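See below for target.cif, which holds mmCIF, C-alpha atoms and all ligand atoms.
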data_my_file
#
loop_
_atom_site.label_atom_id
_atom_site.label_comp_id
_atom_site.auth_asym_id
_atom_site.auth_seq_id
_atom_site.Cartn_x
_atom_site.Cartn_y
_atom_site.Cartn_z
CA MET A 1343 102.59 77.59 98.32
CA LYS A 1344 105.97 78.13 96.67
CA ALA A 1345 107.42 81.57 96.05
CA LEU A 1346 110.66 83.30 95.11
CA VAL A 1347 111.88 84.88 98.34
CA TYR A 1348 114.57 87.56 98.54
CA GLY A 1349 117.26 86.67 101.08
CA GLY A 1350 119.34 89.86 101.09
CA PRO A 1351 121.84 91.05 98.44
CA GLY A 1352 122.71 88.27 95.98
CA LYS A 1353 120.32 85.74 97.56
CA LYS A 1354 117.01 84.33 96.42
CA ASP A 1355 115.26 81.05 97.11
CA TRP A 1356 112.33 79.22 95.45
CA THR A 1357 110.80 77.93 98.64
CA GLU A 1358 107.69 76.96 100.58
CA VAL A 1359 105.90 79.91 102.31
CA PRO A 1360 102.43 80.31 103.89
CA ASP A 1361 99.54 80.88 101.46
CA PRO A 1362 98.46 84.55 101.30
CA GLN A 1363 95.18 85.39 103.09
CA LEU A 1364 92.58 88.13 102.62
CA LEU A 1365 93.49 90.82 105.18
CA GLU A 1366 91.03 93.55 104.14
CA PRO A 1367 87.57 93.35 102.55
CA THR A 1368 89.04 95.17 99.51
CA ASP A 1369 91.69 92.42 98.94
CA ALA A 1370 91.62 89.56 96.46
CA ILE A 1371 93.78 86.46 96.18
CA VAL A 1372 95.00 85.71 92.68
CA ARG A 1373 96.53 82.45 91.45
CA ILE A 1374 99.51 83.37 89.28
CA ASP A 1375 99.20 81.84 85.81
CA THR A 1376 101.99 83.87 84.16
CA THR A 1377 104.69 86.12 85.53
CA THR A 1378 107.92 87.62 84.24
CA ILE A 1379 111.12 89.23 85.46
CA CYS A 1380 111.94 92.94 85.27
CA GLY A 1381 115.33 94.69 85.37
CA THR A 1382 114.14 96.18 88.66
CA ASP A 1383 114.12 92.67 90.19
CA LEU A 1384 117.82 92.39 89.31
CA HIS A 1385 118.46 95.77 91.00
CA ILE A 1386 116.68 94.55 94.15
CA LEU A 1387 118.73 91.34 94.13
CA LYS A 1388 121.95 93.33 93.91
CA GLY A 1389 120.86 95.24 97.01
CA ASP A 1390 120.34 98.52 95.11
CA VAL A 1391 116.84 98.98 96.59
CA PRO A 1392 117.48 98.90 100.36
CA ALA A 1393 113.78 99.43 101.17
CA VAL A 1394 113.20 95.84 100.04
CA GLN A 1395 113.92 93.59 103.00
CA SER A 1396 114.99 90.01 103.25
CA GLY A 1397 111.94 87.70 103.28
CA ARG A 1398 110.02 89.64 100.64
CA ILE A 1399 108.42 87.69 97.76
CA LEU A 1400 109.75 89.26 94.54
CA GLY A 1401 108.01 90.26 91.30
CA HIS A 1402 105.58 92.96 90.19
CA GLU A 1403 104.30 91.66 86.86
CA GLY A 1404 101.65 88.99 86.53
CA VAL A 1405 98.49 87.58 85.03
CA GLY A 1406 96.31 85.22 86.97
CA THR A 1407 92.92 83.96 88.04
CA VAL A 1408 91.01 85.37 91.01
CA THR A 1409 90.51 82.60 93.57
CA GLU A 1410 88.97 84.70 96.37
CA ALA A 1411 87.60 88.23 96.48
CA GLY A 1412 86.93 90.18 99.70
CA SER A 1413 83.38 91.31 100.53
CA ALA A 1414 84.04 94.91 99.36
CA VAL A 1415 85.63 93.99 95.99
CA THR A 1416 83.33 95.18 93.21
CA GLY A 1417 83.32 93.98 89.61
CA LEU A 1418 85.45 90.87 90.17
CA ALA A 1419 84.69 87.31 91.18
CA ALA A 1420 86.49 84.02 91.64
CA GLY A 1421 87.41 82.59 88.25
CA ASP A 1422 88.06 85.95 86.53
CA ARG A 1423 91.29 86.17 84.49
CA VAL A 1424 93.09 89.38 85.40
CA ILE A 1425 96.19 91.49 84.77
CA ILE A 1426 97.86 92.46 88.03
CA SER A 1427 98.97 96.08 87.74
CA CYS A 1428 102.51 96.55 89.06
CA ILE A 1429 101.05 99.43 91.13
CA LYS A 1430 98.30 98.78 93.66
CA SER A 1431 96.01 101.75 94.24
CA CYS A 1432 92.71 102.51 95.95
CA GLY A 1433 91.33 104.60 93.09
CA GLN A 1434 89.45 106.81 95.58
CA CYS A 1435 91.97 109.16 97.24
CA PRO A 1436 92.83 112.60 95.79
CA ASN A 1437 96.10 111.34 94.26
CA CYS A 1438 94.40 108.36 92.61
CA LYS A 1439 91.60 110.58 91.33
CA SER A 1440 94.21 112.78 89.64
CA GLY A 1441 95.72 109.69 88.01
CA LEU A 1442 98.73 109.47 90.32
CA TYR A 1443 98.16 105.83 91.32
CA SER A 1444 101.81 105.44 92.31
CA HIS A 1445 101.17 107.94 95.14
CA CYS A 1446 97.91 106.48 96.41
CA LEU A 1447 97.16 107.75 99.91
CA GLY A 1448 95.48 104.49 100.98
CA SER A 1449 96.16 103.15 104.42
CA GLU A 1450 98.90 100.63 103.67
CA GLY A 1451 102.59 101.29 102.97
CA ALA A 1452 104.35 104.47 101.94
CA SER A 1453 103.72 106.54 98.82
CA GLY A 1454 106.05 105.73 95.91
CA ILE A 1455 107.61 102.28 95.87
CA GLY A 1456 105.35 101.22 98.75
CA TRP A 1457 102.75 100.75 96.07
CA VAL A 1458 104.75 98.47 93.81
CA PHE A 1459 104.37 94.71 94.31
CA GLY A 1460 107.54 92.92 95.44
CA HIS A 1461 108.85 95.99 97.29
CA LEU A 1462 107.02 96.66 100.60
CA ILE A 1463 104.31 94.09 99.87
CA ASP A 1464 104.76 90.55 98.58
CA GLY A 1465 105.00 90.14 94.84
CA THR A 1466 103.93 88.00 91.93
CA GLN A 1467 106.76 85.47 91.52
CA ALA A 1468 104.77 82.94 93.51
CA GLU A 1469 101.87 80.53 93.12
CA TYR A 1470 99.44 83.04 94.70
CA VAL A 1471 99.48 86.74 95.57
CA ARG A 1472 97.36 88.97 97.79
CA VAL A 1473 96.19 92.03 95.85
CA PRO A 1474 95.16 95.01 97.99
CA TYR A 1475 92.48 97.32 96.52
CA ALA A 1476 91.72 94.59 94.02
CA ALA A 1477 88.92 96.48 92.26
CA ASN A 1478 91.38 99.16 91.11
CA SER A 1479 94.59 97.10 90.91
CA LEU A 1480 93.33 94.25 88.70
CA TYR A 1481 92.10 94.49 85.13
CA LYS A 1482 89.79 91.81 83.76
CA LEU A 1483 91.11 90.15 80.63
CA PRO A 1484 89.06 89.69 77.49
CA GLU A 1485 89.05 86.24 75.84
CA GLY A 1486 91.15 87.23 72.84
CA VAL A 1487 94.22 88.42 74.78
CA SER A 1488 96.77 85.76 75.80
CA ASP A 1489 98.55 85.67 79.16
CA GLU A 1490 101.81 86.24 77.33
CA GLN A 1491 100.50 89.47 75.81
CA ALA A 1492 98.74 90.61 78.98
CA VAL A 1493 101.75 90.25 81.28
CA MET A 1494 103.48 93.02 79.28
CA LEU A 1495 100.67 95.34 80.46
CA SER A 1496 101.56 94.95 84.16
CA ASP A 1497 104.53 97.28 83.88
CA ILE A 1498 106.57 97.70 80.70
CA LEU A 1499 103.93 98.91 78.23
CA PRO A 1500 102.33 101.44 80.61
CA THR A 1501 105.80 102.57 81.76
CA GLY A 1502 107.06 103.20 78.23
CA PHE A 1503 103.84 104.88 77.20
CA GLU A 1504 103.15 107.01 80.30
CA ILE A 1505 106.64 108.09 81.35
CA GLY A 1506 108.24 108.06 77.88
CA VAL A 1507 105.53 109.03 75.39
CA GLN A 1508 102.97 110.94 77.49
CA TYR A 1509 105.40 112.72 79.83
CA GLY A 1510 107.61 113.38 76.77
CA ARG A 1511 104.58 115.09 75.16
CA VAL A 1512 105.08 113.40 71.81
CA LYS A 1513 102.94 115.06 69.12
CA PRO A 1514 102.10 114.27 65.50
CA GLY A 1515 105.13 114.56 63.24
CA ASP A 1516 107.70 114.45 66.05
CA THR A 1517 111.07 112.77 65.87
CA VAL A 1518 111.65 110.75 69.03
CA ALA A 1519 115.01 109.31 70.12
CA VAL A 1520 114.89 106.41 72.56
CA ILE A 1521 118.14 105.75 74.42
CA GLY A 1522 118.15 102.14 75.61
CA ALA A 1523 116.21 99.49 73.71
CA GLY A 1524 115.53 97.13 76.60
CA PRO A 1525 111.94 96.06 77.27
CA VAL A 1526 111.01 99.54 78.54
CA GLY A 1527 112.69 101.43 75.69
CA LEU A 1528 111.06 99.06 73.21
CA ALA A 1529 107.70 99.79 74.87
CA VAL A 1530 108.37 103.46 74.04
CA VAL A 1531 109.19 102.48 70.45
CA ALA A 1532 105.99 100.38 70.28
CA THR A 1533 103.74 103.20 71.56
CA ALA A 1534 105.31 106.43 70.22
CA GLY A 1535 103.20 106.07 67.09
CA LEU A 1536 100.01 106.36 69.15
CA TYR A 1537 100.61 110.12 69.30
CA GLY A 1538 101.79 110.28 65.72
CA ALA A 1539 105.59 110.28 66.00
CA ALA A 1540 106.93 110.43 62.44
CA ALA A 1541 110.39 109.03 63.18
CA VAL A 1542 111.64 106.92 66.09
CA VAL A 1543 115.39 106.52 66.49
CA ALA A 1544 116.50 103.75 68.83
CA VAL A 1545 119.99 104.05 70.34
CA ASP A 1546 121.64 101.11 72.11
CA LEU A 1547 125.03 99.45 72.58
CA ASP A 1548 123.66 96.02 71.77
CA GLU A 1549 123.14 95.17 68.09
CA ASN A 1550 120.52 92.53 68.96
CA ARG A 1551 118.46 95.12 70.82
CA LEU A 1552 118.68 97.45 67.81
CA GLU A 1553 117.40 94.66 65.58
CA ARG A 1554 114.48 94.17 67.98
CA ALA A 1555 113.82 97.93 67.88
CA ARG A 1556 113.44 97.76 64.09
CA GLU A 1557 110.95 94.91 64.51
CA PHE A 1558 108.99 97.06 66.97
CA GLY A 1559 108.81 99.88 64.43
CA ALA A 1560 111.87 102.09 64.96
CA THR A 1561 112.48 103.97 61.72
CA HIS A 1562 116.20 104.37 62.48
CA THR A 1563 118.70 102.65 64.77
CA VAL A 1564 122.06 103.92 65.94
CA ALA A 1565 124.77 101.99 67.77
CA SER A 1566 125.92 104.18 70.65
CA SER A 1567 129.33 102.51 70.41
CA ALA A 1568 129.92 104.33 67.09
CA PRO A 1569 132.13 107.41 67.59
CA ASP A 1570 129.70 109.49 65.49
CA TRP A 1571 126.50 108.17 67.17
CA LYS A 1572 125.32 111.69 67.95
CA ASP A 1573 125.78 112.94 64.38
CA GLN A 1574 123.92 109.87 63.13
CA VAL A 1575 120.90 110.70 65.31
CA LEU A 1576 121.00 114.40 64.50
CA ALA A 1577 121.18 113.59 60.77
CA VAL A 1578 117.63 112.22 61.02
CA THR A 1579 116.50 115.77 61.89
CA ASP A 1580 118.85 117.52 59.45
CA GLY A 1581 120.93 118.58 62.42
CA ALA A 1582 118.12 120.34 64.31
CA GLY A 1583 117.88 117.89 67.23
CA VAL A 1584 115.03 115.55 68.12
CA ASP A 1585 111.73 116.82 69.50
CA VAL A 1586 111.67 114.27 72.29
CA ALA A 1587 114.54 112.23 73.76
CA VAL A 1588 113.60 109.37 76.07
CA GLU A 1589 116.15 108.02 78.53
CA ALA A 1590 115.40 104.31 79.17
CA VAL A 1591 118.63 103.05 80.70
CA GLY A 1592 119.09 104.71 84.10
CA ILE A 1593 122.70 105.93 84.12
CA PRO A 1594 124.03 109.51 84.13
CA GLU A 1595 125.78 109.03 80.76
CA THR A 1596 122.59 108.18 78.91
CA PHE A 1597 120.67 111.01 80.59
CA GLN A 1598 123.30 113.39 79.20
CA MET A 1599 122.98 111.72 75.78
CA ALA A 1600 119.24 112.50 75.84
CA VAL A 1601 119.93 116.14 76.76
CA ASP A 1602 122.50 116.42 73.95
CA LEU A 1603 120.12 115.08 71.31
CA VAL A 1604 117.10 117.28 71.95
CA ARG A 1605 116.37 120.44 69.95
CA PRO A 1606 115.87 123.84 71.64
CA GLY A 1607 112.44 123.76 73.29
CA GLY A 1608 112.35 119.96 73.14
CA ASN A 1609 111.50 117.45 75.84
CA VAL A 1610 113.69 114.99 77.73
CA ALA A 1611 111.59 112.22 79.26
CA ASN A 1612 113.59 110.30 81.82
CA VAL A 1613 112.20 106.81 82.36
CA GLY A 1614 115.31 105.10 83.75
CA VAL A 1615 115.71 104.62 87.49
CA HIS A 1616 119.00 106.22 88.49
CA GLY A 1617 120.81 104.63 91.40
CA ARG A 1618 123.20 107.59 91.60
CA PRO A 1619 122.89 111.36 91.21
CA VAL A 1620 122.78 112.93 87.76
CA GLU A 1621 124.29 116.35 87.09
CA LEU A 1622 121.94 118.96 85.68
CA HIS A 1623 123.63 121.76 83.75
CA LEU A 1624 120.89 124.28 84.35
CA GLU A 1625 122.64 127.00 82.37
CA ASP A 1626 122.65 124.80 79.26
CA LEU A 1627 119.06 123.59 79.84
CA TRP A 1628 117.87 127.15 80.46
CA ILE A 1629 119.43 128.71 77.40
CA ARG A 1630 118.01 125.92 75.22
CA ASN A 1631 114.51 125.97 76.84
CA ILE A 1632 114.61 122.24 77.55
CA ASN A 1633 111.79 120.52 79.48
CA ILE A 1634 112.63 117.53 81.65
CA SER A 1635 110.10 115.07 83.04
CA MET A 1636 110.33 111.86 85.04
CA GLY A 1637 108.34 109.69 87.36
CA LEU A 1638 107.18 106.36 88.61
CA VAL A 1639 104.68 104.62 86.35
CA ASN A 1640 101.02 104.91 87.38
CA ALA A 1641 99.70 102.15 85.12
CA ASN A 1642 96.47 104.10 84.72
CA THR A 1643 96.60 103.69 80.92
CA THR A 1644 96.51 99.89 81.16
CA PRO A 1645 92.81 99.55 80.14
CA MET A 1646 93.40 101.69 77.03
CA LEU A 1647 96.60 99.81 76.12
CA LEU A 1648 94.77 96.51 76.69
CA ARG A 1649 92.17 97.52 74.09
CA LEU A 1650 94.93 98.27 71.60
CA VAL A 1651 96.57 94.91 72.29
CA GLU A 1652 93.18 93.23 71.82
CA GLN A 1653 92.79 95.04 68.48
CA GLN A 1654 96.32 93.92 67.52
CA LYS A 1655 97.50 97.53 67.28
CA ILE A 1656 100.28 96.80 69.81
CA ALA A 1657 102.12 93.49 69.32
CA ALA A 1658 102.69 92.80 73.03
CA GLU A 1659 103.59 89.16 72.31
CA MET A 1660 106.78 90.34 70.55
CA PHE A 1661 108.42 91.04 73.94
CA ALA A 1662 108.34 87.35 74.92
CA THR A 1663 111.57 85.59 73.94
CA HIS A 1664 111.98 82.70 76.43
CA HIS A 1665 109.56 80.43 78.29
CA PHE A 1666 109.87 78.67 81.66
CA THR A 1667 107.67 77.13 84.31
CA LEU A 1668 107.49 78.57 87.85
CA ASP A 1669 109.49 75.62 89.18
CA ASN A 1670 112.33 76.70 86.88
CA ILE A 1671 112.24 80.37 87.88
CA LEU A 1672 115.90 80.29 88.97
CA GLU A 1673 116.88 79.21 85.46
CA ALA A 1674 114.65 82.00 84.09
CA TYR A 1675 116.58 84.52 86.22
CA ASP A 1676 119.85 83.16 84.91
CA THR A 1677 118.70 83.51 81.28
CA PHE A 1678 117.32 87.01 81.88
CA GLY A 1679 120.42 88.09 83.81
CA ARG A 1680 122.64 87.11 80.85
CA ALA A 1681 120.52 88.92 78.26
CA ALA A 1682 123.53 90.06 76.21
CA GLU A 1683 124.40 86.38 75.53
CA THR A 1684 120.95 84.77 75.60
CA LYS A 1685 119.23 87.63 73.70
CA ALA A 1686 116.43 87.50 76.28
CA LEU A 1687 113.96 90.37 76.28
CA LYS A 1688 111.13 89.16 78.51
CA VAL A 1689 111.16 85.65 79.94
CA VAL A 1690 107.62 84.32 80.33
CA ILE A 1691 107.12 82.07 83.37
CA THR A 1692 103.94 79.98 83.60
P1 LIG A 1701 117.34 96.92 80.50
O1 LIG A 1701 118.54 96.92 81.37
O2 LIG A 1701 116.76 95.63 80.07
O3 LIG A 1701 117.64 97.72 79.16
C1 LIG A 1701 118.53 98.80 79.11
C2 LIG A 1701 119.09 98.91 77.70
O4 LIG A 1701 120.00 99.99 77.69
C3 LIG A 1701 119.85 97.66 77.23
O5 LIG A 1701 119.37 97.25 75.96
C4 LIG A 1701 121.31 98.15 77.18
O6 LIG A 1701 122.04 97.52 76.13
C5 LIG A 1701 121.13 99.64 76.93
N1 LIG A 1701 122.27 100.45 77.33
C6 LIG A 1701 123.05 100.33 78.41
N2 LIG A 1701 124.00 101.28 78.41
C7 LIG A 1701 123.83 102.02 77.30
C8 LIG A 1701 124.50 103.13 76.71
N3 LIG A 1701 125.56 103.67 77.29
N4 LIG A 1701 124.02 103.61 75.54
C9 LIG A 1701 122.94 103.08 74.95
N5 LIG A 1701 122.27 102.01 75.44
C10 LIG A 1701 122.71 101.49 76.60
O7 LIG A 1701 116.26 97.80 81.25
P2 LIG A 1701 114.66 97.92 81.08
O8 LIG A 1701 114.00 96.81 81.82
O9 LIG A 1701 114.32 98.13 79.64
O10 LIG A 1701 114.41 99.25 81.91
C11 LIG A 1701 114.98 100.48 81.51
C12 LIG A 1701 114.98 101.47 82.66
O11 LIG A 1701 113.62 101.79 83.01
C13 LIG A 1701 115.63 100.93 83.93
O12 LIG A 1701 116.39 101.95 84.54
C14 LIG A 1701 114.42 100.59 84.79
O13 LIG A 1701 114.73 100.58 86.16
C15 LIG A 1701 113.50 101.72 84.41
N6 LIG A 1701 112.08 101.57 84.76
C16 LIG A 1701 111.43 102.69 85.16
C17 LIG A 1701 110.11 102.63 85.52
C18 LIG A 1701 109.39 103.88 85.95
O14 LIG A 1701 108.37 103.77 86.62
N7 LIG A 1701 109.87 105.05 85.59
C19 LIG A 1701 109.40 101.43 85.47
C20 LIG A 1701 110.09 100.28 85.03
C21 LIG A 1701 111.43 100.37 84.67
ZN ZN A 1702 109.20 96.67 86.46
#
Is it possible to express this structure as C-alpha cells?
Ligand code: NAD
Ligand code: ZN
Amino acid sequence: MKALVYGGPGKKDWTEVPDPQLLEPTDAIVRIDTTTICGTDLHILKGDVPAVQSGRILGHEGVGTVTEAGSAVTGLAAGDRVIISCIKSCGQCPNCKSGLYSHCLGSEGASGIGWVFGHLIDGTQAEYVRVPYAANSLYKLPEGVSDEQAVMLSDILPTGFEIGVQYGRVKPGDTVAVIGAGPVGLAVVATAGLYGAAAVVAVDLDENRLERAREFGATHTVASSAPDWKDQVLAVTDGAGVDVAVEAVGIPETFQMAVDLVRPGGNVANVGVHGRPVELHLEDLWIRNINISMGLVNANTTPMLLRLVEQQKIAAEMFATHHFTLDNILEAYDTFGRAAETKALKVVIT
C-alpha cells in the first residue's frame, strides 16, 4: 500500500510500504476512506515530538471501512464504516474504565502518546491502518453522517469538548473565552453551548479565524493584536473576568492571557500542547482562587458527539475547507501548513 512516512525532522515521503497485518485477535484492519491533517502532525515533522521515530506512518484522524477483524473483535465486521479514534484503548483496564483512555494500561506501547496513532504506532495517512483494540477504538458510523463530518470526531471535536469545555467545567450562563481559534479552539466554540455557555469570546491574531469563530457561534471576537484586547474581553463581563478561559494555542504567552482573563474562582482549561515550560505564578493563582486543568484527549465522548452531529446540533462539516485525494497528500500538507495564506482549517483527504 502507499502511506505517508516520516523520515526525520523536515522529511516525509508518500511511498510504498508493506500492507498492515492483524497482529492480535483484538486488531482490525481498516481501509482509509477519509483522513485529515492536524497541527500535531506539523509539530512531529518539525522534530518537536522526538518520541516519533523515522519510518513511522503519520496521522491520527480517519474514517474508513473495516476490511478484516480479528477473532476477538466484537460488534464489528468487514464492510462496517467506522470513525478511527485518535486514541486506541482496550476499554477494560482500570484507567479505561475510569474514562482515561489516553492512559490505557493495555499491553502495547507506553501510556500517554503511546496510545495516539501516528506516534508509537502507525497512523492513518495511508491506504490501510491496523487498529489495536478495535472494538473500543472504532465507532460505527450511522448512514446519515458523512465521512467529512465524521473525521472531525477522531480528534478535534472530542479534544475541544473534553479538555476545553468539560475540564473547564463550563456551566449554564457562563462566559467562556477561547484563546486560539484554530480547529481545536473552534471545536471549543462549537461545543461550549452544550453546557449552556451564555457568551463565547474567541481571541485570535488572524482575522479569518475570528470570522470562522463567528460562524461557529462565538458571540464576540477580539483580535489579540489590538493593544486593548484584554479590556475588550473583560468588557463582555462588565470587567469581572470570564468564568472559563480556554487556552488552545500552546505557547506560554497565550497561557498567561488565559490566566489574565479569568475571574476570581474561575477556571483555566489548557488544551494547547506546550513544547516549552510555562511559568506558573502560584501567588497570583492562589490569591485569586484559580483552577487550572489540562490533559491529553481521551475521545470517550465521541459516541455522544456523533449523535449530536447526526442530529445536526454540531455542524462538523463546517471545519472542512479544502479537499484532496490521498495521492495529493503532499499538496494537502502544503496548503494546511500555509493556513494564514490559504485560509485552510481542516483539509479533507479522500
Ligand atoms: P492551530 O495552530 O491550527 O491554531 C492555533 C490558533 O492560535 C491559530 O488560529 C493562531 O492564529 C492562533 N494564535 C497563535 N498565536 C496567538 C496569539 N498570540 N494570540 C491569539 N491567538 C494566537 O492549532 P490547533 O490544531 O487548533 O490546535 C491547538 C492546540 O491544541 C495545539 O497546541 C495542539 O497541539 C493542541 N491539541 C491538544 C490536544 C490535547 O489532547 N490536549 C489534542 C489536539 C490538539
Ligand atoms: Zn490531533
Can you pull out the residues contacting segment 1427-1436 of chain A? Cut-off 7 Å, using all atoms listed in the file, and skip same-chain residues under 3 positions away; I want them as a ChimeraX atom specification. /A:1402-1403,1439-1440,1443-1444,1446-1448,1457-1459,1474-1475,1478-1480,1496-1497,1640-1641
Show me which residues sit within 12 Å of ligand ZN 1702 (chain A) when counting all atoms listed in the file, and put them as an MDAnalysis selection string. chainID A and resid 1377:1386 1400:1404 1427:1429 1455 1458:1461 1465:1466 1493:1502 1524:1526 1613:1615 1638:1641 1688
Compare A:Leu1672, A:Val1601, A:Ile1593, A:Val1391 by their minimum atom-to-atom distance to ligand LIG 1701 (chain A), counting all atoms listed in the file, and give me the closest one. A:Ile1593
Residues within 9 Å of Thr1643 of chain A, all atoms listed in the file, excluding chain neighbours under 4 positions, as a PyMOL selection string: chain A and resi 1500+1503-1504+1647-1648
Quick one: everything within 8 Å of Val1690 of chain A, counting only C-alpha atoms, minus sequence neighbours fewer than 4 positions away in the same chain. Send it as a ChimeraX atom specification. /A:1376-1379,1490,1662-1666
Set the distance at 12 Å and use all atoms listed in the file: which residues neighbour segment 1353-1355 of chain A once local chain neighbours fewer than 5 positions away are removed? I'd like the list as a ChimeraX atom specification. /A:1344-1348,1383-1384,1386-1389,1395-1401,1467-1468,1669-1673,1675-1676
Under the rule that all atoms listed in the file are counted, which of A:Ile1521, A:Val1651, A:Leu1536, A:Val1530 is the nearest residue to ligand LIG 1701 (chain A)?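 So, comparing all the options, the nearest one is A:Ile1521.
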Hey, can you pull every residue with an atom no more than 10 Å from (110.2, 114.6, 85.9), using all atoms listed in the file, and send it as a PyMOL selection string? chain A and resi 1505+1509-1510+1610-1613+1633-1638
Those selected residues, please, written with C-alpha atoms and delivered as a CSV table (one decimal), keeping the file's coordinate frame.
chain,number,residue,atom,x,y,z
A,1505,ILE,CA,106.6,108.1,81.4
A,1509,TYR,CA,105.4,112.7,79.8
A,1510,GLY,CA,107.6,113.4,76.8
A,1610,VAL,CA,113.7,115.0,77.7
A,1611,ALA,CA,111.6,112.2,79.3
A,1612,ASN,CA,113.6,110.3,81.8
A,1613,VAL,CA,112.2,106.8,82.4
A,1633,ASN,CA,111.8,120.5,79.5
A,1634,ILE,CA,112.6,117.5,81.6
A,1635,SER,CA,110.1,115.1,83.0
A,1636,MET,CA,110.3,111.9,85.0
A,1637,GLY,CA,108.3,109.7,87.4
A,1638,LEU,CA,107.2,106.4,88.6
Please give the centre and size of the box around ligand LIG 1701 (chain A) (axis-aligned, containing every atom listed in the file, 6 Å added per side), with values in Å to one decimal and written as AutoDock Vina command-line options.
--center_x 117.0 --center_y 100.3 --center_z 80.8 --size_x 29.2 --size_y 21.4 --size_z 23.7
Would you work out the distance separating atom CA of Gln1508 of chain A from atom CA of Leu1650 of chain A, expressed in Å to one decimal?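 Computing the Euclidean distance for atom CA of Gln1508 of chain A and atom CA of Leu1650 of chain A yields 16.1 Å.
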Identify which of the residues A:His1616, A:His1623, A:Arg1680, A:Arg1649 lies closest to ligand LIG 1701 (chain A), counting only C-alpha atoms and all ligand atoms when measuring atom-to-atom distances.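 Of the candidates, the smallest distance to ligand LIG 1701 (chain A) is held by A:His1616.
Atom CA of Val1507 of chain A sits 20.3 Å away from atom N2 of ligand LIG 1701 (chain A).
The smallest atom-to-atom distance between Ala1674 of chain A and any of A:Val1689, A:Val1424, A:Val1584, A:Ala1532, using only C-alpha atoms, is found for A:Val1689.
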Find the residue from A:Leu1547, A:Ile1371, A:Val1359, A:Leu1462 that sits nearest to ligand LIG 1701 (chain A); use all atoms listed in the file when measuring.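 Answer, going by the shortest atom-to-atom distance: A:Leu1547.
One distance worth recording is that between atom CA of Pro1645 of chain A and atom CA of Leu1687 of chain A, which is 23.4 Å.
Residue nearest ligand LIG 1701 (chain A), chosen from A:Ile1691, A:Ala1523, A:Val1408, A:Ala1541 and counting only C-alpha atoms and all ligand atoms: A:Ala1523.
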What's around Leu1622 of chain A at 10 Å? Count all atoms listed in the file, leave out sequence neighbours fewer than 4 positions away in its own chain, and write the answer as a PyMOL selection string. chain A and resi 1594+1597-1598+1601+1626-1627
